[in-house]
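Peer 1: Right, I'll just put the structure down here and ask away after.
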Amino acid sequence: MIIGGGIAGPVAAMALEKAGVDAAVFEADGSGSDGVGAFLTLAENGLEALRVLDLHDQVCDLGMETPRMRIVNSRGKPLADFGMRGRTVRRADLYTALRDEAVRRGVRMEYGKRLVDAEVTPHGVRASFDDGSTARGDLLVGADGVGSRTRAIIDPDAPRARHIGLLNTGGFAQGLRLPEPPGVATMVFGRRCFFGYYVHPDGDVWWFANPASRREPTAAELAAITPEEWRAQLVELFRDDHGPMLDIIAATETIVPPWNTRDFPRVPRWSNDRMVIVGDAAHATSPSSGQGASMAIEDAVVLGMCLRDLPSPAAAFAAYEQQRRRRVERIVKQGKRNGTGKAPGLIGATVRDLMMPMFMRMVARRDLMAWMFDYRIDWTVAVTARG
Ligand SMILES: Cc1cc2nc3c(=O)[nH]c(=O)nc-3n(C[C@H](O)[C@H](O)[C@H](O)COP(=O)(O)OP(=O)(O)OC[C@H]3O[C@@H](n4cnc5c(N)ncnc54)[C@H](O)[C@@H]3O)c2cc1C
């Protein structure tokens, strides 16, 4: 039983199928995937992990190739410019493509099934859902995202996700003719707010912004901001910056309402005898890492291999954790680091602008970031109990 039909869920189901284990996915929401955030970039390592399950073709028609990233400051001064191999896709499109392919491969997807509880029984796991139904399986994989119910079932003392001082918003602007080549990610360290944009080959501009918020606003506080107020706030944040941000905001009909950004420095327990967590449930990282989806995909593939090769779920979960924990925690740290400087305050902004070129030159150095991007999973290698 896989809980959650986001990214990690369907990919884990397909990895399990490939490993010879039948899987069913239970997703809390209905079958549509509207409103699941704007877009994300799959990094090279994530694309390669999809390739292990022959899922590369399912994503290569989505969104746009992202071959380069350029980083500028609030005066438009270049801080870094480097090549990359990523793909930027609308989250809803990615969810739909993965779910459809999972179903095509024989995975059962059940919608409207929000996990409320699960217990280990002598023969497996019994899960209960908020519609009053139950299901049984040999094991349960929690791919239920940053607010994971599975995580809390495995460890009621699990820490809560940490607010990282930034909000998220974005949208899709139409009718602009920006000079940037298609797909190039342009990141702007504005005076008051961070902004990123990509020109799609069809001319639309995909963008996001990270307004600072020291305190984590409640859902009610966020919901109380009207679209007009929100647009006005964004205009105010970028009014003194060099770049097309104000044009992009003006050319966006619907700005995605703001939401909080959270991460987990460390989730102490990932599994019990029959349950395990993958993806954001185990290690949500700040969007600034650009790796959340890729980590979720890698987790799912590695878990499939461990369950294929080890004699018991507990042994498989231990090997999975051994292979994954160090890497994902390092990425969470990197994401936090990348996010600092996005909301620096006035003195901080001056220091940041002095230090940033050096830091960005490091981020741009392929050899220094090889540990992140060059990670590859070899499905043909047998996993042993030592990982
Ligand atoms: C604004 C933003 C920008 C991002 N940008 C990037 C980026 O550029 N690159 C990148 O790699 N990553 C990015 N990410 C991160 C990425 O979206 C996540 O890391 C990724 O979606 C994690 O996948 P997941 O399957 O673990 O969780 P999710 O995609 O969150 O899926 C969890 C699923 O579980 C379901 N669910 C939740 N609770 C239950 C329950 N109790 N019962 C049943 N189902 C349940 C949810 O409805 C959802 O469908 C970004 C995230 C955000 C918010």
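A note on labels: chains of the structure tokens are A, B, ... as shown, every chain counts residues from 1, and ligands are counted from 1 in their shown order.
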Which chain A residues have any atom within 6 Å of an atom of ligand 1, and for each, what is the nearest pair of atoms with distance in Å to one decimal, counting only C-alpha atoms and all ligand atoms, rows sorted by chain and number, as CSV?
Peer 2:
residue,atom,partner,partner_atom_place_in_ligand_line,distance
A:Ile3,CA,ligand 1,43 (C),4.9
A:Gly4,CA,ligand 1,34 (O),3.3
A:Gly5,CA,ligand 1,49 (O),4.6
A:Gly6,CA,ligand 1,31 (O),3.4
A:Ile7,CA,ligand 1,25 (O),3.6
A:Ala8,CA,ligand 1,25 (O),3.7
A:Gly9,CA,ligand 1,25 (O),5.6
A:Phe26,CA,ligand 1,43 (C),5.6
A:Glu27,CA,ligand 1,44 (N),4.0
A:Ala28,CA,ligand 1,44 (N),3.8
A:Asp29,CA,ligand 1,47 (O),5.3
A:Leu40,CA,ligand 1,8 (O),3.5
A:Thr41,CA,ligand 1,8 (O),3.9
A:Leu42,CA,ligand 1,11 (O),5.1
A:Lys113,CA,ligand 1,43 (C),5.7
A:Arg114,CA,ligand 1,42 (N),3.5
A:Leu115,CA,ligand 1,42 (N),3.9
A:Val116,CA,ligand 1,41 (N),6.0
A:Ala143,CA,ligand 1,26 (O),5.3
A:Asp144,CA,ligand 1,34 (O),3.4
A:Gly145,CA,ligand 1,27 (O),3.7
A:Ser148,CA,ligand 1,38 (N),5.6
A:Arg149,CA,ligand 1,41 (N),5.0
A:Asn168,CA,ligand 1,1 (C),5.5
A:Gly279,CA,ligand 1,26 (O),3.5
A:Asp280,CA,ligand 1,26 (O),3.9
A:Ala281,CA,ligand 1,26 (O),5.8
A:Pro287,CA,ligand 1,4 (C),4.4
A:Gly290,CA,ligand 1,9 (N),3.7
A:Gln291,CA,ligand 1,11 (O),3.6
A:Gly292,CA,ligand 1,19 (O),3.1
A:Ala293,CA,ligand 1,11 (O),3.5
A:Ser294,CA,ligand 1,11 (O),4.8
A:Ala296,CA,ligand 1,26 (O),5.2
Peer 1: Hey, what's within 12 Å of stretch 89-95 of chain A if we count only C-alpha atoms and toss same-chain stuff fewer than 2 positions away? As number ranges by chain, please?
Peer 2: A: 4-11, 27, 31-43, 47, 50, 55-66, 86-87, 97-102, 170-172, 183, 198, 200, 206-207, 292-293, 297
Peer 1: Name the closest residue to A:Arg126 among the candidates A:Leu246, A:Val276, A:Ala12, A:Met1; distances are taken between atoms, counting only C-alpha atoms.
Peer 2: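 Result for the nearest residue to A:Arg126: A:Met1.
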Peer 1: Could you check which of A:Ile331, A:Ala152, A:Leu79, A:Leu176 is closest to A:Met372, using only C-alpha atoms?
Peer 2: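 Comparing A:Ile331, A:Ala152, A:Leu79, A:Leu176 against A:Met372, the winner is A:Ile331.
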Peer 1: Can you tell me, as an MDAnalysis selection string, what residues are no more than 9 Å from A:Ala173 when counting only C-alpha atoms, ignoring any on the same chain fewer than 2 positions away?
Peer 2: chainID A and resid 171 175:176 203:207 247:254
Peer 1: What would the file look like if the residues just selected were written as a PDB file, in the first residue's frame with N, CA and C atoms?
Peer 2:
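The resulting file, again17.pdb, is reproduced below:
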ATOM      1  N   GLY A 171       3.392  32.196 -11.143  1.00  0.00           N
ATOM      2  CA  GLY A 171       2.334  32.179 -12.151  1.00  0.00           C
ATOM      3  C   GLY A 171       2.905  32.037 -13.548  1.00  0.00           C
ATOM      4  N   GLY A 175       1.867  37.014 -23.288  1.00  0.00           N
ATOM      5  CA  GLY A 175       1.870  38.194 -24.150  1.00  0.00           C
ATOM      6  C   GLY A 175       3.120  39.037 -24.037  1.00  0.00           C
ATOM      7  N   LEU A 176       4.151  38.554 -23.349  1.00  0.00           N
ATOM      8  CA  LEU A 176       5.404  39.330 -23.252  1.00  0.00           C
ATOM      9  C   LEU A 176       6.389  38.797 -24.290  1.00  0.00           C
ATOM     10  N   GLY A 203       6.505  31.208 -25.593  1.00  0.00           N
ATOM     11  CA  GLY A 203       6.498  32.638 -25.279  1.00  0.00           C
ATOM     12  C   GLY A 203       6.000  32.969 -23.884  1.00  0.00           C
ATOM     13  N   ASP A 204       5.244  32.073 -23.260  1.00  0.00           N
ATOM     14  CA  ASP A 204       4.792  32.350 -21.887  1.00  0.00           C
ATOM     15  C   ASP A 204       6.000  32.449 -20.951  1.00  0.00           C
ATOM     16  N   VAL A 205       5.822  33.201 -19.885  1.00  0.00           N
ATOM     17  CA  VAL A 205       6.907  33.299 -18.905  1.00  0.00           C
ATOM     18  C   VAL A 205       6.448  32.633 -17.615  1.00  0.00           C
ATOM     19  N   TRP A 206       7.163  31.606 -17.196  1.00  0.00           N
ATOM     20  CA  TRP A 206       6.861  30.891 -15.947  1.00  0.00           C
ATOM     21  C   TRP A 206       7.700  31.546 -14.861  1.00  0.00           C
ATOM     22  N   TRP A 207       7.079  31.889 -13.749  1.00  0.00           N
ATOM     23  CA  TRP A 207       7.851  32.615 -12.741  1.00  0.00           C
ATOM     24  C   TRP A 207       7.433  32.230 -11.326  1.00  0.00           C
ATOM     25  N   ASP A 247       6.749  43.808 -15.250  1.00  0.00           N
ATOM     26  CA  ASP A 247       6.015  43.463 -16.482  1.00  0.00           C
ATOM     27  C   ASP A 247       5.448  42.051 -16.381  1.00  0.00           C
ATOM     28  N   ILE A 248       6.255  41.167 -15.831  1.00  0.00           N
ATOM     29  CA  ILE A 248       5.812  39.769 -15.732  1.00  0.00           C
ATOM     30  C   ILE A 248       4.594  39.675 -14.808  1.00  0.00           C
ATOM     31  N   ILE A 249       4.675  40.375 -13.673  1.00  0.00           N
ATOM     32  CA  ILE A 249       3.540  40.338 -12.730  1.00  0.00           C
ATOM     33  C   ILE A 249       2.290  40.924 -13.396  1.00  0.00           C
ATOM     34  N   ALA A 250       2.479  42.039 -14.110  1.00  0.00           N
ATOM     35  CA  ALA A 250       1.320  42.682 -14.753  1.00  0.00           C
ATOM     36  C   ALA A 250       0.721  41.784 -15.838  1.00  0.00           C
ATOM     37  N   ALA A 251       1.552  40.964 -16.466  1.00  0.00           N
ATOM     38  CA  ALA A 251       1.063  40.122 -17.573  1.00  0.00           C
ATOM     39  C   ALA A 251       0.537  38.767 -17.084  1.00  0.00           C
ATOM     40  N   THR A 252       0.404  38.628 -15.783  1.00  0.00           N
ATOM     41  CA  THR A 252      -0.080  37.361 -15.214  1.00  0.00           C
ATOM     42  C   THR A 252      -1.518  37.530 -14.761  1.00  0.00           C
ATOM     43  N   GLU A 253      -2.406  36.779 -15.376  1.00  0.00           N
ATOM     44  CA  GLU A 253      -3.814  36.963 -15.040  1.00  0.00           C
ATOM     45  C   GLU A 253      -4.103  36.454 -13.621  1.00  0.00           C
ATOM     46  N   THR A 254      -3.652  35.240 -13.343  1.00  0.00           N
ATOM     47  CA  THR A 254      -3.915  34.667 -12.015  1.00  0.00           C
ATOM     48  C   THR A 254      -2.592  34.384 -11.322  1.00  0.00           C
TER      49      THR A 254
END
Peer 1: Between A:Val199, A:Leu307, A:Val141, A:Ile154, which one has atoms that come closest to A:Pro181, using only C-alpha atoms?
Peer 2: A:Val199
Peer 1: Provide the atom CA of A:Glu17 to atom CA of A:Glu329 distance in Å, to one decimal place.
Peer 2: 27.7 Å
Peer 1: Would you please give, as a PyMOL selection string, all residues of stretch 98-276 of chain A that DSSP assigns to strand (DSSP E) based on the backbone?
Peer 2: chain A and resi 108-110+115-121+124-129+134-137+140-142+162-173+185-189+194-199+205-210+256-263+275-276
